[in-house]
Amino acid sequence: MSDRNGARSIDVGAPPTRFARGWHCLGLAAPFRDSGPHAVEAFGTKLVVFADASGELHVLDAYCRHMGGDLTRGTIKGSSIACPFHDWHWGGDGKCTKIPYARRVPPTARTRSWLTLEQNQQLFVWNDPQGNMPPASVTIPRIEGAYSDEWSNWTWDTLTVDANCREVVDNVVDMAHFFYIHFAFPTYFRNVLEGHIAAQYLKTRSRPDYEPDSGQSGGSRQSGGSGQSGGSTQIGLVSEAAYYGPSYMIDYLNYDYHGVPMDAVLINCHYPVTPERFVLQWGVIVKKLPGLSPEQADKVAAKFAKFVGLGFQQDVDIWTHKSRIDNPLLCAEDGPVYQLRRWYEQFYLDVDDIPADMVARHEFEIDTSRAVEAWEAEVAANLAARQGASQPVPSESGVGQA
Amino acid sequence: MTEGARLARPDERQSRYCQVTCAECGAVVLAAKFSVQHTSVQWDATAVRQCAEFARRTAVGEQTPLIERCTAMRGSIDAAALDGRLPVAPPWLG
């Protein structure tokens with residue numbers, strides 16, 4: 001991997017030729033029940049999502065097996081989706097239920113139906129290139145806050161990214177990028193990879209040198225972490241996150257909100273569109289503080305989601321410009337990138353081909369002491385630079401901090 | 001065999017891993033310490049089954065991947081590092 005002068009080469013490898021086995025979240029369930037049918041481009045094809053007469057959601061391949069019509073442009077009739085081309089009716093189980101102009105339906109008239117799951121008010125489909133059902137142990141856990149009046153509603157945002165989805169999964173072990181990309185200051189970082197679960201334990205400090213609302217709400221903000229935005233009020237954040245399978249992460253967070261500890265749950269999930277495109281999605285709920293109305297709680301969640309979104313936009317900017325790299329060059333203070341990718345590879349192998357060491361428990365706790373030292377100096381320098389720049393008009397601090 | 005399957009690449013930093021036996025239950029893992037604060041532990045299925053702390057916690061419904069650490073194993077690794085059986089050194093030899 002090095003040339004004659006010792007310069008290291010990048011092995012770009014190639015994106016996998018198939019899509020990961022596992023539950024993939026397609027979004028919040030409720031919007032899929034609104035009228036419809038709905039189109040989702042995923043797994044190298046197009047899917048149609050529709051609600052039957054009882055409100056149950058079904059997912060089928062979008063292209064009609066008769067003459068290839070697009071069912072997402074069709075009509076829901078009873079509990080079937082009818083093709084706009086010749087009105088063939090397809091049930092949620094994939095069987096053709098009716099051809100109005102034919103005496104009988106051909107016995108082989110069946111299309112691909114996708115196994116679905118509704119959990120946490122979200123809709124999931126099971127992808128398995130081998131066509132197997134999910135084992136009982138591989139499921140999406142219930143988030144209690146998603147079913148409680150004591151919590152806000154979900155926010156939900158999506159971004160389409162032109163890169164292979166391994167880029168977002170890599171984040172789970174990438175301690176340093178939280179400082180440079182997500183405006184966080186990690187002080188503790190630990191991963192546990194085992195079975196189909198990849199966990200991350202993270203503690204961060206606030207970044208008094210970073211104000212996400214800079215240039216937007218000028219005078220209402222004070223420097224030093226007492227502002228209105230989700231980012232600047234995070235004086236200490238404790239995060240316990242885990243991927244359940246290849247694409248759905250639940251992140252339980254506790255952060256400081258105006259001096260009050262706030263409990264939040266962040267979903268970070270994605271589904272592949274093609275091997276080189278995926279849809280990134282994130283959603284937030286927060287636990288209502290005493291005295292907060294449901295609307296105020298939704299606003300708190302929205303603020304936090306906006307802060308998360310700013311970080312993801314910066315991720316996307318990195319991903320769409322970077323090289324795929326199969327042989328990352330790591331320092332001692334980097335996380336277990338190779339072990340994470342070994343774990344992630346299981347979802348691209350036939351179940352019988354997964355070696356024991358691929359899913360064996362691996363723990364990795366990063367030494368953050370050098371990073372903390374370096375970042376304290378960087379934050380102090382940023383603050384000093386801002387102080388200098390803002391001397392003439394203190395209330396405008398943060399505008400022009402570049 | 002899965003079409004297009006690739007072998008997982010090894011971490012270039014893994015040369016420092018040494019065996020550590022848990023003083024509480026006898027489970028054996030491979031551990032590495034690149035520095036005093038850093039710790040990395042590779043378990044196999046036998047060690048996870050043998051771990052007394054994991055057994056106590058899974059008996060009341062926890063899943064081992066969601067257990068942050070076994071405190072007894074952590075103690076044994078720290079002890080091995082203190083008395084020199086487990087080197088505390090950056091991952092590159094020489």
# chains A, B, ... in the order shown; residues from 1 in each chain; ligands from 1
call {"tool": "select_by_dssp", "arguments": {"residues": "chain B", "states": "helix (DSSP H, G or I)", "output": "PDB file with N, CA and C atoms, in the first residue's frame"}}
result
ATOM      1  N   GLN B  14      -3.206  -3.686  15.670  1.00  0.00           N
ATOM      2  CA  GLN B  14      -3.596  -4.747  16.597  1.00  0.00           C
ATOM      3  C   GLN B  14      -2.421  -5.546  17.186  1.00  0.00           C
ATOM      4  N   SER B  15      -1.198  -5.157  16.845  1.00  0.00           N
ATOM      5  CA  SER B  15      -0.048  -5.950  17.280  1.00  0.00           C
ATOM      6  C   SER B  15       0.130  -6.006  18.794  1.00  0.00           C
ATOM      7  N   ARG B  16      -0.510  -5.090  19.511  1.00  0.00           N
ATOM      8  CA  ARG B  16      -0.280  -5.006  20.965  1.00  0.00           C
ATOM      9  C   ARG B  16      -1.190  -5.901  21.800  1.00  0.00           C
ATOM     10  N   ALA B  45     -16.957 -15.818  21.806  1.00  0.00           N
ATOM     11  CA  ALA B  45     -18.257 -16.237  22.341  1.00  0.00           C
ATOM     12  C   ALA B  45     -18.100 -16.987  23.662  1.00  0.00           C
ATOM     13  N   THR B  46     -17.019 -17.766  23.796  1.00  0.00           N
ATOM     14  CA  THR B  46     -16.788 -18.528  25.033  1.00  0.00           C
ATOM     15  C   THR B  46     -16.600 -17.589  26.216  1.00  0.00           C
ATOM     16  N   ALA B  47     -15.799 -16.558  26.021  1.00  0.00           N
ATOM     17  CA  ALA B  47     -15.536 -15.613  27.112  1.00  0.00           C
ATOM     18  C   ALA B  47     -16.814 -14.875  27.507  1.00  0.00           C
ATOM     19  N   VAL B  48     -17.625 -14.487  26.516  1.00  0.00           N
ATOM     20  CA  VAL B  48     -18.872 -13.779  26.828  1.00  0.00           C
ATOM     21  C   VAL B  48     -19.790 -14.690  27.645  1.00  0.00           C
ATOM     22  N   ARG B  49     -19.843 -15.986  27.260  1.00  0.00           N
ATOM     23  CA  ARG B  49     -20.688 -16.939  28.004  1.00  0.00           C
ATOM     24  C   ARG B  49     -20.168 -17.156  29.422  1.00  0.00           C
ATOM     25  N   GLN B  50     -18.838 -17.129  29.564  1.00  0.00           N
ATOM     26  CA  GLN B  50     -18.229 -17.434  30.849  1.00  0.00           C
ATOM     27  C   GLN B  50     -18.302 -16.258  31.833  1.00  0.00           C
ATOM     28  N   ALA B  52     -19.145 -13.805  34.453  1.00  0.00           N
ATOM     29  CA  ALA B  52     -20.131 -13.886  35.538  1.00  0.00           C
ATOM     30  C   ALA B  52     -20.995 -12.627  35.591  1.00  0.00           C
ATOM     31  N   GLU B  53     -20.385 -11.473  35.328  1.00  0.00           N
ATOM     32  CA  GLU B  53     -21.142 -10.215  35.397  1.00  0.00           C
ATOM     33  C   GLU B  53     -22.179 -10.149  34.265  1.00  0.00           C
ATOM     34  N   PHE B  54     -21.771 -10.546  33.063  1.00  0.00           N
ATOM     35  CA  PHE B  54     -22.726 -10.576  31.950  1.00  0.00           C
ATOM     36  C   PHE B  54     -23.867 -11.540  32.283  1.00  0.00           C
ATOM     37  N   ALA B  55     -23.528 -12.693  32.874  1.00  0.00           N
ATOM     38  CA  ALA B  55     -24.553 -13.700  33.190  1.00  0.00           C
ATOM     39  C   ALA B  55     -25.571 -13.142  34.172  1.00  0.00           C
ATOM     40  N   ARG B  56     -25.069 -12.432  35.203  1.00  0.00           N
ATOM     41  CA  ARG B  56     -25.991 -11.836  36.181  1.00  0.00           C
ATOM     42  C   ARG B  56     -26.930 -10.837  35.503  1.00  0.00           C
ATOM     43  N   ARG B  57     -26.388 -10.083  34.563  1.00  0.00           N
ATOM     44  CA  ARG B  57     -27.195  -9.013  33.958  1.00  0.00           C
ATOM     45  C   ARG B  57     -28.116  -9.552  32.858  1.00  0.00           C
ATOM     46  N   THR B  58     -27.664 -10.533  32.094  1.00  0.00           N
ATOM     47  CA  THR B  58     -28.558 -11.092  31.065  1.00  0.00           C
ATOM     48  C   THR B  58     -29.689 -11.881  31.730  1.00  0.00           C
ATOM     49  N   THR B  64     -26.090  -8.443  26.146  1.00  0.00           N
ATOM     50  CA  THR B  64     -24.661  -8.128  26.339  1.00  0.00           C
ATOM     51  C   THR B  64     -24.146  -7.000  25.439  1.00  0.00           C
ATOM     52  N   PRO B  65     -24.600  -6.867  24.173  1.00  0.00           N
ATOM     53  CA  PRO B  65     -24.060  -5.759  23.368  1.00  0.00           C
ATOM     54  C   PRO B  65     -24.373  -4.392  23.965  1.00  0.00           C
ATOM     55  N   LEU B  66     -25.418  -4.324  24.822  1.00  0.00           N
ATOM     56  CA  LEU B  66     -25.804  -3.042  25.407  1.00  0.00           C
ATOM     57  C   LEU B  66     -25.259  -2.873  26.820  1.00  0.00           C
ATOM     58  N   THR B  71     -17.097  -4.863  34.802  1.00  0.00           N
ATOM     59  CA  THR B  71     -16.181  -4.142  35.700  1.00  0.00           C
ATOM     60  C   THR B  71     -15.073  -5.053  36.219  1.00  0.00           C
ATOM     61  N   ALA B  72     -15.383  -6.351  36.393  1.00  0.00           N
ATOM     62  CA  ALA B  72     -14.350  -7.277  36.874  1.00  0.00           C
ATOM     63  C   ALA B  72     -13.254  -7.456  35.820  1.00  0.00           C
ATOM     64  N   MET B  73     -13.665  -7.613  34.554  1.00  0.00           N
ATOM     65  CA  MET B  73     -12.666  -7.749  33.487  1.00  0.00           C
ATOM     66  C   MET B  73     -11.836  -6.478  33.364  1.00  0.00           C
ATOM     67  N   ARG B  74     -12.508  -5.336  33.513  1.00  0.00           N
ATOM     68  CA  ARG B  74     -11.791  -4.072  33.441  1.00  0.00           C
ATOM     69  C   ARG B  74     -10.742  -4.007  34.559  1.00  0.00           C
ATOM     70  N   GLY B  75     -11.119  -4.480  35.756  1.00  0.00           N
ATOM     71  CA  GLY B  75     -10.188  -4.508  36.877  1.00  0.00           C
ATOM     72  C   GLY B  75      -8.999  -5.412  36.595  1.00  0.00           C
ATOM     73  N   SER B  76      -9.278  -6.568  35.982  1.00  0.00           N
ATOM     74  CA  SER B  76      -8.198  -7.509  35.679  1.00  0.00           C
ATOM     75  C   SER B  76      -7.252  -6.943  34.617  1.00  0.00           C
ATOM     76  N   ILE B  77      -7.814  -6.227  33.644  1.00  0.00           N
ATOM     77  CA  ILE B  77      -6.975  -5.610  32.603  1.00  0.00           C
ATOM     78  C   ILE B  77      -6.111  -4.509  33.214  1.00  0.00           C
ATOM     79  N   ASP B  78      -6.723  -3.692  34.073  1.00  0.00           N
ATOM     80  CA  ASP B  78      -5.953  -2.628  34.734  1.00  0.00           C
ATOM     81  C   ASP B  78      -4.822  -3.221  35.577  1.00  0.00           C
ATOM     82  N   ALA B  79      -5.132  -4.320  36.282  1.00  0.00           N
ATOM     83  CA  ALA B  79      -4.105  -4.965  37.110  1.00  0.00           C
ATOM     84  C   ALA B  79      -2.974  -5.506  36.239  1.00  0.00           C
ATOM     85  N   ALA B  80      -3.340  -6.121  35.098  1.00  0.00           N
ATOM     86  CA  ALA B  80      -2.316  -6.656  34.188  1.00  0.00           C
ATOM     87  C   ALA B  80      -1.436  -5.538  33.644  1.00  0.00           C
ATOM     88  N   ALA B  81      -2.047  -4.369  33.385  1.00  0.00           N
ATOM     89  CA  ALA B  81      -1.278  -3.231  32.876  1.00  0.00           C
ATOM     90  C   ALA B  81      -0.337  -2.702  33.961  1.00  0.00           C
ATOM     91  N   LEU B  82      -0.841  -2.661  35.206  1.00  0.00           N
ATOM     92  CA  LEU B  82      -0.050  -2.128  36.315  1.00  0.00           C
ATOM     93  C   LEU B  82       1.180  -2.973  36.591  1.00  0.00           C
TER      94      LEU B  82
END
call {"tool": "residues_around", "arguments": {"residues": "range 185-199 of chain A", "least_positions_apart": "5", "cutoff": "6 Å", "atoms": "only C-alpha atoms", "output": "list in words"}}
result
Phe179, Thr204, Arg205, Ala241, Ala242, Tyr243, Tyr244, Gly245, Val359, Ala360, Arg361, His362, Glu363, Phe364, Glu365, Ile366 and Thr368 of chain A; Pro65 of chain B
call {"tool": "write_last_selection", "arguments": {"atoms": "C-alpha atoms", "output": "short mmCIF file (atom, residue, chain, number, x, y, z; two decimals), in the first residue's frame"}}
result
data_model
loop_
_atom_site.label_atom_id
_atom_site.label_comp_id
_atom_site.auth_asym_id
_atom_site.auth_seq_id
_atom_site.Cartn_x
_atom_site.Cartn_y
_atom_site.Cartn_z
CA PHE A 179 -15.42 18.14 17.14
CA THR A 204 -19.24 15.91 25.26
CA ARG A 205 -18.76 19.42 26.61
CA ALA A 241 -26.35 5.29 21.02
CA ALA A 242 -26.62 1.96 19.24
CA TYR A 243 -27.18 0.69 15.73
CA TYR A 244 -29.70 -2.14 15.70
CA GLY A 245 -28.67 -3.78 12.45
CA VAL A 359 -19.84 -10.66 15.31
CA ALA A 360 -17.77 -11.37 18.44
CA ARG A 361 -17.76 -8.69 21.13
CA HIS A 362 -15.21 -5.92 20.57
CA GLU A 363 -14.73 -3.04 23.01
CA PHE A 364 -12.69 0.03 22.26
CA GLU A 365 -12.27 3.03 24.57
CA ILE A 366 -10.39 5.96 23.10
CA THR A 368 -9.28 11.47 24.71
CA PRO B 65 -24.06 -5.76 23.37
#
call {"tool": "residues_around", "arguments": {"residues": "Glu12 in chain B", "least_positions_apart": "2", "cutoff": "12 Å", "atoms": "only C-alpha atoms", "output": "list of chain:residue names"}}
result
A:Asn327, A:Pro328, A:Leu329, A:Leu330, A:Cys331, A:Ala332, A:Asp334, A:Pro336, A:Val337, A:Tyr338, A:Gln339, B:Arg9, B:Pro10, B:Gln14, B:Ser15, B:Arg16, B:Tyr17, B:Pro90, B:Pro91, B:Trp92, B:Leu93
call {"tool": "write_last_selection", "arguments": {"atoms": "N, CA and C atoms", "output": "compact mmCIF listing (two decimals), in the first residue's frame"}}
result
# COMPACT_ATOMS: atom_id res chain seq x y z
N ASN A 327 -8.71 1.38 3.20
CA ASN A 327 -7.53 1.19 4.06
C ASN A 327 -7.20 2.46 4.83
N PRO A 328 -8.12 2.94 5.67
CA PRO A 328 -7.84 4.17 6.41
C PRO A 328 -6.54 4.07 7.21
N LEU A 329 -5.82 5.17 7.23
CA LEU A 329 -4.57 5.27 8.00
C LEU A 329 -4.93 5.84 9.37
N LEU A 330 -4.76 5.07 10.41
CA LEU A 330 -5.26 5.48 11.73
C LEU A 330 -4.13 5.83 12.69
N CYS A 331 -4.42 6.76 13.60
CA CYS A 331 -3.51 7.02 14.71
C CYS A 331 -4.08 6.34 15.96
N ALA A 332 -3.31 6.35 17.03
CA ALA A 332 -3.72 5.62 18.24
C ALA A 332 -5.00 6.21 18.84
N ASP A 334 -7.59 7.29 17.17
CA ASP A 334 -8.78 7.03 16.37
C ASP A 334 -9.54 5.84 16.93
N PRO A 336 -12.21 2.32 16.49
CA PRO A 336 -12.03 1.01 15.86
C PRO A 336 -12.71 0.93 14.48
N VAL A 337 -12.15 1.68 13.52
CA VAL A 337 -12.76 1.74 12.18
C VAL A 337 -12.77 0.35 11.53
N TYR A 338 -11.64 -0.35 11.62
CA TYR A 338 -11.57 -1.67 10.96
C TYR A 338 -12.51 -2.67 11.62
N GLN A 339 -12.59 -2.61 12.94
CA GLN A 339 -13.47 -3.54 13.65
C GLN A 339 -14.93 -3.22 13.36
N ARG B 9 -10.58 -6.56 6.66
CA ARG B 9 -9.18 -6.18 6.81
C ARG B 9 -8.84 -6.08 8.30
N PRO B 10 -7.62 -6.45 8.65
CA PRO B 10 -7.21 -6.31 10.05
C PRO B 10 -6.85 -4.87 10.39
N GLN B 14 -3.21 -3.69 15.67
CA GLN B 14 -3.60 -4.75 16.60
C GLN B 14 -2.42 -5.55 17.19
N SER B 15 -1.20 -5.16 16.84
CA SER B 15 -0.05 -5.95 17.28
C SER B 15 0.13 -6.01 18.79
N ARG B 16 -0.51 -5.09 19.51
CA ARG B 16 -0.28 -5.01 20.97
C ARG B 16 -1.19 -5.90 21.80
N TYR B 17 -2.08 -6.64 21.17
CA TYR B 17 -3.06 -7.39 21.97
C TYR B 17 -2.39 -8.55 22.73
N PRO B 90 2.11 2.71 22.56
CA PRO B 90 1.46 3.01 21.27
C PRO B 90 1.45 1.77 20.38
N PRO B 91 0.52 1.71 19.42
CA PRO B 91 0.28 0.48 18.67
C PRO B 91 1.41 0.06 17.74
N TRP B 92 2.37 0.92 17.46
CA TRP B 92 3.37 0.54 16.49
C TRP B 92 4.63 0.04 17.18
N LEU B 93 5.11 -1.08 16.72
CA LEU B 93 6.34 -1.65 17.29
C LEU B 93 7.53 -0.91 16.72
call {"tool": "select_by_dssp", "arguments": {"residues": "range 148-282 of chain A", "states": "strand (DSSP E)", "output": "CSV table (one decimal) with N, CA and C atoms, in the first residue's frame"}}
result
chain,number,residue,atom,x,y,z
A,157,ASP,N,-36.5,14.7,9.5
A,157,ASP,CA,-35.8,15.3,8.4
A,157,ASP,C,-35.1,14.3,7.5
A,158,THR,N,-34.9,14.6,6.2
A,158,THR,CA,-34.2,13.7,5.3
A,158,THR,C,-33.3,14.5,4.5
A,159,LEU,N,-32.2,13.8,4.1
A,159,LEU,CA,-31.3,14.3,3.1
A,159,LEU,C,-30.9,13.2,2.2
A,160,THR,N,-30.9,13.4,0.9
A,160,THR,CA,-30.4,12.4,-0.1
A,160,THR,C,-28.9,12.6,-0.3
A,161,VAL,N,-28.1,11.6,-0.2
A,161,VAL,CA,-26.7,11.7,-0.2
A,161,VAL,C,-26.1,10.9,-1.3
A,185,PHE,N,-17.6,18.6,21.7
A,185,PHE,CA,-16.3,18.5,22.3
A,185,PHE,C,-16.2,17.2,23.1
A,186,PRO,N,-15.9,16.1,22.4
A,186,PRO,CA,-15.9,14.8,23.1
A,186,PRO,C,-14.9,14.7,24.2
A,187,THR,N,-15.3,14.2,25.3
A,187,THR,CA,-14.3,13.9,26.4
A,187,THR,C,-14.2,12.4,26.8
A,188,TYR,N,-15.3,11.7,26.3
A,188,TYR,CA,-15.3,10.2,26.6
A,188,TYR,C,-15.9,9.6,25.4
A,189,PHE,N,-15.3,8.5,25.0
A,189,PHE,CA,-15.7,7.8,23.8
A,189,PHE,C,-15.4,6.3,23.8
A,190,ARG,N,-16.4,5.5,23.7
A,190,ARG,CA,-16.3,4.1,23.8
A,190,ARG,C,-17.2,3.4,22.9
A,191,ASN,N,-16.8,2.3,22.3
A,191,ASN,CA,-17.6,1.5,21.4
A,191,ASN,C,-17.7,0.1,21.9
A,192,VAL,N,-18.9,-0.5,21.7
A,192,VAL,CA,-19.0,-2.0,21.9
A,192,VAL,C,-19.7,-2.5,20.7
A,193,LEU,N,-19.1,-3.4,20.0
A,193,LEU,CA,-19.6,-4.0,18.8
A,193,LEU,C,-19.9,-5.5,19.1
A,194,GLU,N,-21.1,-6.0,19.0
A,194,GLU,CA,-21.4,-7.4,19.3
A,194,GLU,C,-22.7,-7.8,18.6
A,197,ILE,N,-25.5,-5.5,16.9
A,197,ILE,CA,-25.6,-4.2,17.6
A,197,ILE,C,-24.2,-3.6,17.6
A,198,ALA,N,-24.2,-2.3,17.3
A,198,ALA,CA,-22.9,-1.5,17.4
A,198,ALA,C,-23.2,-0.3,18.3
A,199,ALA,N,-22.7,-0.2,19.5
A,199,ALA,CA,-23.0,0.8,20.5
A,199,ALA,C,-21.9,1.8,20.6
A,200,GLN,N,-22.3,3.0,21.0
A,200,GLN,CA,-21.3,4.1,21.2
A,200,GLN,C,-21.7,4.9,22.4
A,201,TYR,N,-20.8,5.0,23.3
A,201,TYR,CA,-21.0,5.8,24.6
A,201,TYR,C,-20.1,7.1,24.4
A,202,LEU,N,-20.8,8.2,24.5
A,202,LEU,CA,-20.1,9.5,24.3
A,202,LEU,C,-20.5,10.5,25.3
A,203,LYS,N,-19.5,11.2,25.8
A,203,LYS,CA,-19.8,12.4,26.6
A,203,LYS,C,-19.1,13.6,25.9
A,204,THR,N,-19.8,14.7,25.9
A,204,THR,CA,-19.2,15.9,25.3
A,204,THR,C,-19.5,17.1,26.2
A,205,ARG,N,-18.6,18.1,26.0
A,205,ARG,CA,-18.8,19.4,26.6
A,205,ARG,C,-19.4,20.3,25.6
A,237,LEU,N,-23.1,16.8,27.6
A,237,LEU,CA,-24.1,16.0,26.9
A,237,LEU,C,-23.7,14.5,27.1
A,238,VAL,N,-24.6,13.7,27.5
A,238,VAL,CA,-24.3,12.3,27.7
A,238,VAL,C,-25.1,11.5,26.7
A,239,SER,N,-24.5,10.7,25.9
A,239,SER,CA,-25.1,10.0,24.8
A,239,SER,C,-24.9,8.5,24.8
A,240,GLU,N,-25.9,7.7,24.7
A,240,GLU,CA,-25.8,6.3,24.6
A,240,GLU,C,-26.5,5.9,23.4
A,241,ALA,N,-25.8,5.5,22.3
A,241,ALA,CA,-26.3,5.3,21.0
A,241,ALA,C,-26.0,3.9,20.6
A,242,ALA,N,-26.9,3.3,19.8
A,242,ALA,CA,-26.6,2.0,19.2
A,242,ALA,C,-27.3,1.8,17.9
A,243,TYR,N,-26.6,1.2,17.0
A,243,TYR,CA,-27.2,0.7,15.7
A,243,TYR,C,-27.8,-0.7,16.0
A,244,TYR,N,-29.0,-0.8,15.6
A,244,TYR,CA,-29.7,-2.1,15.7
A,244,TYR,C,-29.8,-2.6,14.3
A,248,TYR,N,-30.3,1.5,11.5
A,248,TYR,CA,-31.2,2.2,12.4
A,248,TYR,C,-30.5,2.4,13.8
A,249,MET,N,-30.2,3.7,14.1
A,249,MET,CA,-29.5,4.0,15.3
A,249,MET,C,-30.5,4.7,16.3
A,250,ILE,N,-30.6,4.3,17.5
A,250,ILE,CA,-31.3,5.0,18.6
A,250,ILE,C,-30.2,5.6,19.5
A,251,ASP,N,-30.4,6.9,19.7
A,251,ASP,CA,-29.4,7.6,20.5
A,251,ASP,C,-30.2,8.3,21.7
A,252,TYR,N,-29.9,7.7,22.9
A,252,TYR,CA,-30.5,8.3,24.1
A,252,TYR,C,-29.6,9.4,24.6
A,253,LEU,N,-30.1,10.6,24.8
A,253,LEU,CA,-29.3,11.7,25.1
A,253,LEU,C,-29.8,12.4,26.3
A,254,ASN,N,-28.9,13.0,27.1
A,254,ASN,CA,-29.2,13.9,28.2
A,254,ASN,C,-28.3,15.1,28.0
A,255,TYR,N,-28.9,16.3,27.9
A,255,TYR,CA,-28.1,17.5,27.7
A,255,TYR,C,-28.7,18.6,28.5
A,256,ASP,N,-27.9,19.6,28.7
A,256,ASP,CA,-28.3,20.7,29.6
A,256,ASP,C,-29.1,21.8,28.7
A,257,TYR,N,-30.3,22.1,29.2
A,257,TYR,CA,-31.1,23.0,28.5
A,257,TYR,C,-31.5,24.2,29.4
A,260,VAL,N,-31.2,23.1,32.9
A,260,VAL,CA,-32.1,22.0,33.3
A,260,VAL,C,-31.7,20.8,32.4
A,261,PRO,N,-31.6,19.6,33.1
A,261,PRO,CA,-31.3,18.4,32.3
A,261,PRO,C,-32.4,18.0,31.4
A,262,MET,N,-32.1,17.8,30.1
A,262,MET,CA,-33.2,17.5,29.1
A,262,MET,C,-32.9,16.1,28.6
A,263,ASP,N,-34.0,15.3,28.6
A,263,ASP,CA,-33.8,13.9,28.0
A,263,ASP,C,-34.4,14.0,26.6
A,264,ALA,N,-33.6,13.4,25.7
A,264,ALA,CA,-34.0,13.4,24.3
A,264,ALA,C,-33.6,12.1,23.7
A,265,VAL,N,-34.4,11.7,22.6
A,265,VAL,CA,-34.0,10.5,21.8
A,265,VAL,C,-33.8,11.0,20.4
A,266,LEU,N,-32.7,10.6,19.8
A,266,LEU,CA,-32.4,11.0,18.4
A,266,LEU,C,-32.4,9.7,17.6
A,267,ILE,N,-33.1,9.7,16.5
A,267,ILE,CA,-33.0,8.6,15.6
A,267,ILE,C,-32.1,9.0,14.4
A,268,ASN,N,-31.1,8.2,14.1
A,268,ASN,CA,-30.2,8.5,12.9
A,268,ASN,C,-30.3,7.2,12.1
A,269,CYS,N,-31.0,7.3,10.9
A,269,CYS,CA,-31.2,6.1,10.2
A,269,CYS,C,-31.1,6.4,8.7
A,270,HIS,N,-31.0,5.4,7.9
A,270,HIS,CA,-30.9,5.6,6.4
A,270,HIS,C,-31.4,4.4,5.7
A,271,TYR,N,-31.7,4.6,4.4
A,271,TYR,CA,-31.9,3.4,3.5
A,271,TYR,C,-31.2,3.6,2.2
A,272,PRO,N,-30.7,2.6,1.6
A,272,PRO,CA,-29.9,2.8,0.4
A,272,PRO,C,-30.9,2.9,-0.8
A,273,VAL,N,-30.5,3.8,-1.7
A,273,VAL,CA,-31.3,4.0,-3.0
A,273,VAL,C,-30.6,3.2,-4.1
A,274,THR,N,-29.3,3.4,-4.2
A,274,THR,CA,-28.4,2.6,-5.1
A,274,THR,C,-27.1,2.3,-4.3
A,277,ARG,N,-25.9,5.8,-3.5
A,277,ARG,CA,-26.8,6.9,-3.0
A,277,ARG,C,-27.6,6.3,-1.8
A,278,PHE,N,-27.8,7.2,-0.8
A,278,PHE,CA,-28.7,6.8,0.3
A,278,PHE,C,-29.5,7.9,0.8
A,279,VAL,N,-30.6,7.6,1.5
A,279,VAL,CA,-31.4,8.7,2.1
A,279,VAL,C,-31.1,8.6,3.6
A,280,LEU,N,-30.6,9.7,4.1
A,280,LEU,CA,-30.3,9.9,5.5
A,280,LEU,C,-31.5,10.5,6.2
A,281,GLN,N,-31.9,10.0,7.3
A,281,GLN,CA,-33.0,10.5,8.0
A,281,GLN,C,-32.7,10.7,9.5
A,282,TRP,N,-33.3,11.8,10.1
A,282,TRP,CA,-33.1,11.9,11.6
A,282,TRP,C,-34.4,12.5,12.2
call {"tool": "interface_residues", "arguments": {"of": "chain B", "to": "chain A", "cutoff": "10 Å", "atoms": "only C-alpha atoms", "output": "PyMOL selection string"}}
result
chain B and resi 1-13+29-48+63-69+89-92
call {"tool": "residues_around", "arguments": {"residues": "His321 in chain A", "least_positions_apart": "6", "cutoff": "12 Å", "atoms": "only C-alpha atoms", "output": "PyMOL selection string"}}
result
chain A and resi 161-163+167+314-315
call {"tool": "atom_distance", "arguments": {"atom1": "CA of Phe312 in chain A", "atom2": "CA of Gly283 in chain A"}}
result
12.1 Å
call {"tool": "residues_around", "arguments": {"residues": "Ser152 in chain A", "least_positions_apart": "5", "cutoff": "10 Å", "atoms": "only C-alpha atoms", "output": "mmCIF file with C-alpha atoms, in the first residue's frame"}}
result
data_model
loop_
_atom_site.group_PDB
_atom_site.id
_atom_site.type_symbol
_atom_site.label_atom_id
_atom_site.label_comp_id
_atom_site.auth_asym_id
_atom_site.auth_seq_id
_atom_site.Cartn_x
_atom_site.Cartn_y
_atom_site.Cartn_z
ATOM 1 C CA GLY A 145 -40.968 8.030 24.907
ATOM 2 C CA ALA A 146 -42.465 7.543 21.425
ATOM 3 C CA TYR A 147 -45.654 6.249 23.073
ATOM 4 C CA ALA A 264 -34.002 13.421 24.258
ATOM 5 C CA VAL A 284 -35.939 13.849 17.647
ATOM 6 C CA ILE A 285 -38.301 13.591 20.603
ATOM 7 C CA VAL A 286 -37.708 15.353 23.925
ATOM 8 C CA LYS A 287 -39.208 14.707 27.326
ATOM 9 C CA LYS A 288 -41.495 17.574 28.331
ATOM 10 C CA SER A 293 -46.960 22.870 26.784
ATOM 11 C CA PRO A 294 -46.958 20.186 24.071
ATOM 12 C CA GLU A 295 -46.304 22.929 21.490
ATOM 13 C CA GLN A 296 -43.338 24.266 23.479
ATOM 14 C CA ALA A 297 -41.933 20.748 23.819
ATOM 15 C CA ASP A 298 -42.232 20.292 20.041
ATOM 16 C CA LYS A 299 -40.316 23.557 19.613
ATOM 17 C CA VAL A 300 -37.519 22.333 21.906
ATOM 18 C CA ALA A 301 -37.329 19.135 19.849
ATOM 19 C CA ALA A 302 -37.276 21.171 16.624
#
call {"tool": "atom_distance", "arguments": {"atom1": "CA of His258 in chain A", "atom2": "CA of Val173 in chain A"}}
result
29.5 Å
call {"tool": "closest_residue", "arguments": {"among": "A:Pro135, A:Gly78, A:Gly311, A:Gly291", "to": "Gly55 in chain A", "atoms": "only C-alpha atoms"}}
result
A:Gly78
